[in-house]
Each structure stands twice: as C-alpha cells, then as structure tokens.
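**Student:** Data: model.json, JSON, C-alpha atoms.
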```
[["chain", "number", "residue", "atom", "x", "y", "z"],
["C", 1, "MET", "CA", 0.00, 0.00, 0.00],
["C", 2, "SER", "CA", 1.17, 3.51, -0.77],
["C", 3, "LEU", "CA", 1.84, 6.29, 1.67],
["C", 4, "GLY", "CA", -0.74, 9.07, 1.98],
["C", 5, "VAL", "CA", 0.24, 12.68, 2.62],
["C", 6, "ALA", "CA", -1.81, 15.82, 3.27],
["C", 7, "PHE", "CA", -0.58, 19.36, 2.66],
["C", 8, "ALA", "CA", -1.71, 22.77, 3.84],
["C", 9, "LEU", "CA", -2.38, 25.25, 1.04],
["C", 10, "ASP", "CA", -2.62, 29.00, 1.47],
["C", 11, "ALA", "CA", -5.18, 30.89, -0.63],
["C", 12, "GLU", "CA", -2.69, 31.64, -3.41],
["C", 13, "GLN", "CA", -1.54, 28.02, -3.65],
["C", 14, "ALA", "CA", -5.12, 26.74, -3.64],
["C", 15, "ALA", "CA", -6.12, 29.11, -6.44],
["C", 16, "GLU", "CA", -3.06, 28.12, -8.47],
["C", 17, "LEU", "CA", -3.73, 24.40, -8.06],
["C", 18, "LEU", "CA", -7.43, 24.66, -8.87],
["C", 19, "ALA", "CA", -6.69, 26.72, -12.00],
["C", 20, "LEU", "CA", -4.60, 23.94, -13.55],
["C", 21, "GLY", "CA", -6.42, 22.33, -16.46],
["C", 22, "ASP", "CA", -5.40, 18.68, -16.44],
["C", 23, "ASP", "CA", -4.25, 15.78, -14.29],
["C", 24, "GLU", "CA", -0.66, 15.90, -15.53],
["C", 25, "SER", "CA", -0.17, 19.55, -14.61],
["C", 26, "ARG", "CA", -1.83, 19.05, -11.21],
["C", 27, "ASP", "CA", 0.40, 16.02, -10.55],
["C", 28, "GLU", "CA", 3.54, 18.02, -11.44],
["C", 29, "TRP", "CA", 2.39, 20.92, -9.26],
["C", 30, "LEU", "CA", 1.81, 18.58, -6.30],
["C", 31, "GLN", "CA", 5.25, 17.02, -6.74],
["C", 32, "ASP", "CA", 6.80, 20.49, -6.63],
["C", 33, "LEU", "CA", 4.77, 21.27, -3.51],
["C", 34, "GLU", "CA", 6.26, 18.28, -1.70],
["C", 35, "GLU", "CA", 9.72, 19.81, -2.12],
["C", 36, "GLU", "CA", 8.68, 23.29, -0.91],
["C", 37, "VAL", "CA", 6.47, 22.66, 2.11],
["C", 38, "ASP", "CA", 7.65, 23.41, 5.66],
["C", 39, "ASP", "CA", 7.38, 20.89, 8.50],
["C", 40, "ALA", "CA", 4.11, 22.32, 9.84],
["C", 41, "GLY", "CA", 2.58, 22.30, 6.37],
["C", 42, "TRP", "CA", 2.16, 18.57, 5.85],
["C", 43, "PHE", "CA", 0.95, 15.42, 7.55],
["C", 44, "GLN", "CA", 2.03, 11.90, 6.67],
["C", 45, "TYR", "CA", -0.56, 9.20, 7.28],
["C", 46, "ASP", "CA", 1.97, 6.56, 6.44],
["C", 47, "LYS", "CA", -0.27, 3.62, 5.54],
["C", 48, "ALA", "CA", -3.14, 4.40, 7.93],
["C", 49, "TRP", "CA", -4.92, 6.72, 5.48],
["C", 50, "ASP", "CA", -7.07, 3.90, 4.07],
["C", 51, "GLU", "CA", -8.37, 2.62, 7.39],
["C", 52, "LEU", "CA", -8.84, 6.11, 8.80],
["C", 53, "HIS", "CA", -10.76, 7.35, 5.76],
["C", 54, "ARG", "CA", -13.05, 4.32, 5.83],
["C", 55, "CYS", "CA", -13.66, 4.62, 9.59],
["C", 56, "LEU", "CA", -14.46, 8.33, 9.45],
["C", 57, "GLY", "CA", -16.81, 7.87, 6.49],
["C", 58, "ASP", "CA", -19.11, 5.12, 5.35],
["C", 59, "GLY", "CA", -16.49, 2.40, 4.88],
["C", 60, "GLN", "CA", -15.93, 3.05, 1.18],
["C", 61, "LEU", "CA", -12.69, 4.15, -0.43],
["C", 62, "LEU", "CA", -13.99, 7.22, -2.28],
["C", 63, "ILE", "CA", -14.73, 10.89, -1.71],
["C", 64, "GLN", "CA", -17.97, 10.89, 0.22],
["C", 65, "ASP", "CA", -20.94, 13.01, 1.01],
["C", 66, "GLY", "CA", -21.78, 13.01, 4.65],
["C", 67, "PRO", "CA", -20.65, 14.54, 7.91],
["C", 68, "PRO", "CA", -17.53, 16.74, 7.91],
["C", 69, "ARG", "CA", -15.38, 13.98, 9.42],
["C", 70, "ALA", "CA", -15.90, 11.97, 6.20],
["C", 71, "HIS", "CA", -13.83, 14.66, 4.40],
["C", 72, "ALA", "CA", -10.90, 14.60, 6.84],
["C", 73, "VAL", "CA", -8.66, 12.37, 4.74],
["C", 74, "PHE", "CA", -9.67, 12.65, 1.05],
["C", 75, "GLY", "CA", -11.23, 16.10, 1.24],
["C", 76, "SER", "CA", -14.55, 16.91, -0.39],
["C", 77, "GLN", "CA", -13.48, 17.37, -4.03],
["C", 78, "PRO", "CA", -11.45, 15.15, -6.37],
["C", 79, "LEU", "CA", -8.51, 16.81, -8.11],
["C", 80, "MET", "CA", -7.76, 14.13, -10.68],
["C", 81, "GLU", "CA", -10.27, 13.43, -13.45],
["C", 82, "ASP", "CA", -8.82, 10.08, -14.54],
["C", 83, "GLU", "CA", -9.97, 7.50, -12.00],
["C", 84, "ASP", "CA", -7.21, 5.15, -13.19],
["C", 85, "ALA", "CA", -4.43, 7.72, -12.71],
["C", 86, "ALA", "CA", -1.27, 6.68, -10.87],
["C", 87, "VAL", "CA", -1.90, 9.43, -8.30],
["C", 88, "PHE", "CA", -5.06, 10.17, -6.34],
["C", 89, "ALA", "CA", -5.54, 13.69, -5.03],
["C", 90, "GLY", "CA", -8.43, 15.20, -3.12],
["C", 91, "TYR", "CA", -9.03, 18.77, -1.98],
["C", 92, "LEU", "CA", -10.75, 20.39, 1.00],
["C", 93, "PRO", "CA", -11.43, 24.14, 0.71],
["C", 94, "ALA", "CA", -10.28, 26.35, 3.59],
["C", 95, "ALA", "CA", -13.91, 27.25, 4.33],
["C", 96, "GLU", "CA", -14.63, 23.59, 5.19],
["C", 97, "VAL", "CA", -11.54, 23.00, 7.33],
["C", 98, "PRO", "CA", -12.93, 24.34, 10.67],
["C", 99, "ALA", "CA", -15.96, 22.01, 10.52],
["C", 100, "VAL", "CA", -13.74, 19.01, 9.78],
["C", 101, "ALA", "CA", -11.36, 19.98, 12.60],
["C", 102, "ALA", "CA", -14.27, 20.26, 15.04],
["C", 103, "SER", "CA", -15.67, 16.90, 13.96],
["C", 104, "LEU", "CA", -12.29, 15.20, 14.48],
["C", 105, "ARG", "CA", -12.10, 16.55, 18.04],
["C", 106, "GLN", "CA", -15.40, 14.77, 18.76],
["C", 107, "VAL", "CA", -14.21, 11.32, 17.68],
["C", 108, "GLU", "CA", -13.70, 9.17, 20.77],
["C", 109, "LYS", "CA", -11.48, 6.12, 20.88],
["C", 110, "SER", "CA", -14.42, 3.76, 21.46],
["C", 111, "TRP", "CA", -16.29, 5.20, 18.47],
["C", 112, "LEU", "CA", -13.27, 4.78, 16.20],
["C", 113, "ARG", "CA", -12.73, 1.22, 17.45],
["C", 114, "GLU", "CA", -16.33, 0.33, 16.68],
["C", 115, "HIS", "CA", -15.93, 1.57, 13.10],
["C", 116, "PHE", "CA", -12.49, -0.01, 12.74],
["C", 117, "ASP", "CA", -13.96, -3.36, 13.71],
["C", 118, "THR", "CA", -16.51, -3.12, 10.86],
["C", 119, "LEU", "CA", -13.82, -2.85, 8.15],
["C", 120, "SER", "CA", -13.80, -6.62, 7.69],
["C", 121, "ARG", "CA", -17.35, -6.29, 6.30],
["C", 122, "THR", "CA", -16.20, -3.93, 3.51],
["C", 123, "ASP", "CA", -13.94, -4.41, 0.50],
["C", 124, "TYR", "CA", -10.97, -3.49, 2.73],
["C", 125, "CYS", "CA", -7.98, -5.74, 2.20],
["C", 126, "GLY", "CA", -5.14, -3.87, 3.87],
["C", 127, "ALA", "CA", -3.28, -4.30, 7.14],
["C", 128, "SER", "CA", -4.31, -6.47, 10.03],
["C", 129, "LEU", "CA", -7.47, -5.48, 11.87],
["C", 130, "ASP", "CA", -6.15, -6.43, 15.29],
["C", 131, "ASP", "CA", -5.40, -4.35, 18.41],
["C", 132, "GLU", "CA", -2.02, -3.27, 17.10],
["C", 133, "GLY", "CA", -3.56, -2.15, 13.81],
["C", 134, "PHE", "CA", -6.21, -0.17, 15.67],
["C", 135, "GLU", "CA", -3.63, 1.60, 17.87],
["C", 136, "TYR", "CA", -1.73, 2.57, 14.73],
["C", 137, "VAL", "CA", -4.89, 4.13, 13.26],
["C", 138, "TRP", "CA", -5.76, 5.84, 16.56],
["C", 139, "ASP", "CA", -2.27, 7.38, 16.73],
["C", 140, "CYS", "CA", -2.73, 8.60, 13.17],
["C", 141, "LEU", "CA", -6.04, 10.24, 14.11],
["C", 142, "GLU", "CA", -4.39, 12.06, 16.99],
["C", 143, "GLY", "CA", -1.71, 13.39, 14.62],
["C", 144, "LEU", "CA", -4.39, 14.37, 12.11],
["C", 145, "ARG", "CA", -6.19, 16.40, 14.77],
["C", 146, "ASP", "CA", -2.99, 18.37, 15.35],
["C", 147, "PHE", "CA", -2.57, 18.91, 11.61],
["C", 148, "TYR", "CA", -6.14, 20.21, 11.29],
["C", 149, "ALA", "CA", -5.57, 22.58, 14.22],
["C", 150, "ARG", "CA", -2.62, 24.01, 12.26],
["C", 151, "LEU", "CA", -4.80, 24.29, 9.14],
["C", 152, "VAL", "CA", -7.39, 26.25, 11.11],
["C", 153, "ASP", "CA", -4.71, 28.54, 12.58],
["C", 154, "ARG", "CA", -3.35, 29.26, 9.08],
["C", 155, "GLY", "CA", -6.74, 29.59, 7.40],
["C", 156, "ALA", "CA", -5.46, 26.95, 4.99],
["C", 157, "ALA", "CA", -7.04, 24.49, 2.59],
["C", 158, "MET", "CA", -5.93, 20.85, 2.48],
["C", 159, "VAL", "CA", -4.87, 18.58, -0.35],
["C", 160, "PHE", "CA", -4.39, 14.82, 0.09],
["C", 161, "THR", "CA", -2.27, 12.73, -2.24],
["C", 162, "VAL", "CA", -1.43, 9.07, -2.56],
["C", 163, "ALA", "CA", 0.36, 7.32, -5.39],
["C", 164, "GLY", "CA", -1.38, 4.22, -6.72]]
```
Here is the file; what I need is its structure written in the form of structure tokens.

**Tutor:**
Amino acid sequence: MSLGVAFALDAEQAAELLALGDDESRDEWLQDLEEEVDDAGWFQYDKAWDELHRCLGDGQLLIQDGPPRAHAVFGSQPLMEDEDAAVFAGYLPAAEVPAVAASLRQVEKSWLREHFDTLSRTDYCGASLDDEGFEYVWDCLEGLRDFYARLVDRGAAMVFTVAG
C-alpha cells in the first residue's frame, strides 16, 4: 500500500492548483509542492490513510458526502479526473476545514474502534485489523487532529495525495 500525505495550502496556492487544467499539470504541481512545504505544512498518514478514511466515512474508499469527518482524509473534491491515474488527489477548501477539525475533536477512541472493527465487512484488504492495527490508526487520528488545528490557525485548505 502507498503512503498518503496531506498538505496545507494557502489561498494563493489553492487558487493556483485549482486553476490547472489537467491531471498531468496538477500532478507536477503537487510534486513540486512536496519539495517546498515546511514541516508544519504537511501530515504523513503513512499507511493508515485507508483505514482512517473508511472509519471516518461510510467504509468506502472514495470521496464521500456526509458529515464533515468523512472529508478529513480525502477532502470533499477530487482533483484528478482520470480515476485510473497513478496518483489520487483530493481537496478540502479552507472554508470547510474548521468544521472538519471540530468533527475530528469529537471522535472518541471507542467510536473509532467500533468503526475499525466493521472494516472486515467492507472491501478493505489492507493491514491487520487487530489491536495493534487499531492503535496505529488511533495514533494517526491524533496526529491528524494536530494537523487540522494548524490548518485552522493558518486559514489553509488541504490537499491529500497518494500514489497508486
């Protein structure tokens, strides 16, 4: 499984990214961003992005409608038009970040565990769904909360990327 990474985007960066006309130019732009971002401007999910996204949403591996927490990992808008592209990227506008941050603060460990335990009933086929796997996902959620607090402080948007 590939590593997922989220980046903070200021208003100028967000406008620049959204103005790009095709997947190839967006992919190149995101690769350049990875080289420019400061330590507070990114969050690495490592491999827990899949489980965390599914737990916070409806169990499916796609951008979802639903409560703000369902947008915490993938965002609320796809950035790549080709569903078979080697890179997946999703975007969350700065205006939506505070609601997502607030929803993440409300997620309790028992709630996440309950949703984690249901992953075996989905098309999930990743890491082990044991206690160690859950603790890994819980630790990731705690780091994600910190990242979203930084996004709120900066008034930033978020972009998530993972190579296929």

**Student:** Using all atoms listed in the file for the distances, tell me which of C:Thr118, C:Met80, C:Glu34, C:Gln106 is nearest to Asp58 (chain C).

**Tutor:**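 Under the stated criterion, the closest residue is C:Thr118.
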
**Student:** Enumerate, in order of chain and increasing residue number, the residues of region 5-90 of chain C with an atom no farther than 9 Å from region 149-152 of chain C, each with its shortest atom pair and distance in Å to one decimal, counting only C-alpha atoms, as a tab-separated table.

**Tutor:**
```
residue	atom	partner	partner_atom	distance
C:Ala8	CA	C:Leu151	CA	6.3
C:Leu9	CA	C:Leu151	CA	8.5
C:Ala40	CA	C:Arg150	CA	7.3
C:Gly41	CA	C:Arg150	CA	8.0
```

**Student:** Using only C-alpha atoms, which protein or nucleic acid residues come within 12 Å of Asp27 (chain C)? Drop anything in the same chain fewer than 6 positions from it, and give the result as a PyMOL selection string.

**Tutor:** chain C and resi 17-18+20-21+33-34+79-82+85-90+159-163

**Student:** Name all residues at most 8 Å from region 63-77 of chain C (count only C-alpha atoms; drop same-chain ones fewer than 5 positions away) and give them as a list in words.

**Tutor:** Ala6, Trp49, Leu52, His53, Leu56, Gly57, Asp58, Ala89, Gly90, Tyr91, Leu92, Pro93, Glu96, Ala99, Val100, Ala101, Ser103, Leu104, Met158, Val159 and Phe160 of chain C

**Student:** In Å, how far is it from CA of Ala156 (chain C) to CA of Ala11 (chain C)?

**Tutor:**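 If I compute the distance from CA of Ala156 (chain C) to CA of Ala11 (chain C), I get 6.9 Å.
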
**Student:** With all atoms listed in the file as the basis for distance, which of C:Pro78, C:Trp29, C:Val5, C:Gly143 is at the shortest distance from Trp42 (chain C)?

**Tutor:**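 Looking at the shortest contact to Trp42 (chain C), the residue is C:Val5.
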
**Student:** Do you have the CA of Asp50 (chain C)-CA of Arg26 (chain C) distance handy?

**Tutor:**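 About the pair CA of Asp50 (chain C) and CA of Arg26 (chain C): they are 22.1 Å apart.
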
**Student:** From the options C:Phe147, C:Tyr45, C:Trp138, C:Trp111, which residue's atoms come nearest to Val97 (chain C), counting only C-alpha atoms?

**Tutor:** C:Phe147

**Student:** When you look at His115 (chain C) with a cut-off of 9 Å (counting all atoms listed in the file), what residues show up, excluding the ones that are within fewer than 4 positions of it in the same chain? I need them as a ChimeraX atom specification.

**Tutor:** /C:54-56,59,110-111,119

**Student:** As an exercise, work out the distance from CA of Glu28 (chain C) to CA of Glu83 (chain C) in Å and give it to one decimal place.

**Tutor:** 17.1 Å

**Student:** For region 42-67 of chain C, which lacks atoms in the input, supply N, CA and C atoms and format the output as a PDB file, in the coordinates of the input.

**Tutor:**
```
ATOM      1  N   TRP C  42       2.532  19.870   6.406  1.00  0.00           N
ATOM      2  CA  TRP C  42       2.160  18.570   5.850  1.00  0.00           C
ATOM      3  C   TRP C  42       1.927  17.555   6.974  1.00  0.00           C
ATOM      4  N   PHE C  43       1.222  16.505   6.619  1.00  0.00           N
ATOM      5  CA  PHE C  43       0.950  15.420   7.550  1.00  0.00           C
ATOM      6  C   PHE C  43       1.063  14.106   6.800  1.00  0.00           C
ATOM      7  N   GLN C  44       1.879  13.204   7.310  1.00  0.00           N
ATOM      8  CA  GLN C  44       2.030  11.900   6.670  1.00  0.00           C
ATOM      9  C   GLN C  44       1.212  10.864   7.422  1.00  0.00           C
ATOM     10  N   TYR C  45       0.270  10.263   6.713  1.00  0.00           N
ATOM     11  CA  TYR C  45      -0.560   9.200   7.280  1.00  0.00           C
ATOM     12  C   TYR C  45       0.178   7.884   7.337  1.00  0.00           C
ATOM     13  N   ASP C  46       1.293   7.822   6.649  1.00  0.00           N
ATOM     14  CA  ASP C  46       1.970   6.560   6.440  1.00  0.00           C
ATOM     15  C   ASP C  46       0.966   5.671   5.703  1.00  0.00           C
ATOM     16  N   LYS C  47       0.682   4.506   6.226  1.00  0.00           N
ATOM     17  CA  LYS C  47      -0.270   3.620   5.540  1.00  0.00           C
ATOM     18  C   LYS C  47      -1.650   3.605   6.180  1.00  0.00           C
ATOM     19  N   ALA C  48      -1.870   4.409   7.207  1.00  0.00           N
ATOM     20  CA  ALA C  48      -3.140   4.400   7.930  1.00  0.00           C
ATOM     21  C   ALA C  48      -4.237   5.220   7.243  1.00  0.00           C
ATOM     22  N   TRP C  49      -3.924   5.877   6.136  1.00  0.00           N
ATOM     23  CA  TRP C  49      -4.920   6.720   5.480  1.00  0.00           C
ATOM     24  C   TRP C  49      -6.145   5.930   5.044  1.00  0.00           C
ATOM     25  N   ASP C  50      -5.961   4.717   4.559  1.00  0.00           N
ATOM     26  CA  ASP C  50      -7.070   3.900   4.070  1.00  0.00           C
ATOM     27  C   ASP C  50      -8.037   3.581   5.210  1.00  0.00           C
ATOM     28  N   GLU C  51      -7.511   2.995   6.267  1.00  0.00           N
ATOM     29  CA  GLU C  51      -8.370   2.620   7.390  1.00  0.00           C
ATOM     30  C   GLU C  51      -9.046   3.840   8.002  1.00  0.00           C
ATOM     31  N   LEU C  52      -8.285   4.920   8.175  1.00  0.00           N
ATOM     32  CA  LEU C  52      -8.840   6.110   8.800  1.00  0.00           C
ATOM     33  C   LEU C  52      -9.948   6.714   7.938  1.00  0.00           C
ATOM     34  N   HIS C  53      -9.726   6.811   6.643  1.00  0.00           N
ATOM     35  CA  HIS C  53     -10.760   7.350   5.760  1.00  0.00           C
ATOM     36  C   HIS C  53     -12.035   6.507   5.839  1.00  0.00           C
ATOM     37  N   ARG C  54     -11.880   5.205   5.785  1.00  0.00           N
ATOM     38  CA  ARG C  54     -13.050   4.320   5.830  1.00  0.00           C
ATOM     39  C   ARG C  54     -13.778   4.438   7.170  1.00  0.00           C
ATOM     40  N   CYS C  55     -13.034   4.521   8.265  1.00  0.00           N
ATOM     41  CA  CYS C  55     -13.660   4.620   9.590  1.00  0.00           C
ATOM     42  C   CYS C  55     -14.407   5.941   9.765  1.00  0.00           C
ATOM     43  N   LEU C  56     -13.847   7.016   9.276  1.00  0.00           N
ATOM     44  CA  LEU C  56     -14.460   8.330   9.450  1.00  0.00           C
ATOM     45  C   LEU C  56     -15.642   8.555   8.515  1.00  0.00           C
ATOM     46  N   GLY C  57     -15.709   7.760   7.451  1.00  0.00           N
ATOM     47  CA  GLY C  57     -16.810   7.870   6.490  1.00  0.00           C
ATOM     48  C   GLY C  57     -17.725   6.680   6.566  1.00  0.00           C
ATOM     49  N   ASP C  58     -18.125   6.211   5.400  1.00  0.00           N
ATOM     50  CA  ASP C  58     -19.110   5.120   5.350  1.00  0.00           C
ATOM     51  C   ASP C  58     -18.481   3.769   5.017  1.00  0.00           C
ATOM     52  N   GLY C  59     -17.159   3.664   5.126  1.00  0.00           N
ATOM     53  CA  GLY C  59     -16.490   2.400   4.880  1.00  0.00           C
ATOM     54  C   GLY C  59     -15.972   2.228   3.469  1.00  0.00           C
ATOM     55  N   GLN C  60     -16.333   3.148   2.573  1.00  0.00           N
ATOM     56  CA  GLN C  60     -15.930   3.050   1.180  1.00  0.00           C
ATOM     57  C   GLN C  60     -14.682   3.877   0.908  1.00  0.00           C
ATOM     58  N   LEU C  61     -13.935   3.487  -0.084  1.00  0.00           N
ATOM     59  CA  LEU C  61     -12.690   4.150  -0.430  1.00  0.00           C
ATOM     60  C   LEU C  61     -12.938   5.120  -1.595  1.00  0.00           C
ATOM     61  N   LEU C  62     -13.696   6.193  -1.300  1.00  0.00           N
ATOM     62  CA  LEU C  62     -13.990   7.220  -2.280  1.00  0.00           C
ATOM     63  C   LEU C  62     -14.345   8.508  -1.569  1.00  0.00           C
ATOM     64  N   ILE C  63     -14.319   9.617  -2.306  1.00  0.00           N
ATOM     65  CA  ILE C  63     -14.730  10.890  -1.710  1.00  0.00           C
ATOM     66  C   ILE C  63     -16.223  10.787  -1.445  1.00  0.00           C
ATOM     67  N   GLN C  64     -16.611  11.159  -0.235  1.00  0.00           N
ATOM     68  CA  GLN C  64     -17.970  10.890   0.220  1.00  0.00           C
ATOM     69  C   GLN C  64     -18.743  12.155   0.534  1.00  0.00           C
ATOM     70  N   ASP C  65     -20.051  12.032   0.423  1.00  0.00           N
ATOM     71  CA  ASP C  65     -20.940  13.010   1.010  1.00  0.00           C
ATOM     72  C   ASP C  65     -21.044  12.604   2.470  1.00  0.00           C
ATOM     73  N   GLY C  66     -21.594  13.435   3.276  1.00  0.00           N
ATOM     74  CA  GLY C  66     -21.780  13.010   4.650  1.00  0.00           C
ATOM     75  C   GLY C  66     -21.254  14.038   5.633  1.00  0.00           C
ATOM     76  N   PRO C  67     -21.087  13.608   6.867  1.00  0.00           N
ATOM     77  CA  PRO C  67     -20.650  14.540   7.910  1.00  0.00           C
ATOM     78  C   PRO C  67     -19.229  15.040   7.611  1.00  0.00           C
TER      79      PRO C  67
END
```
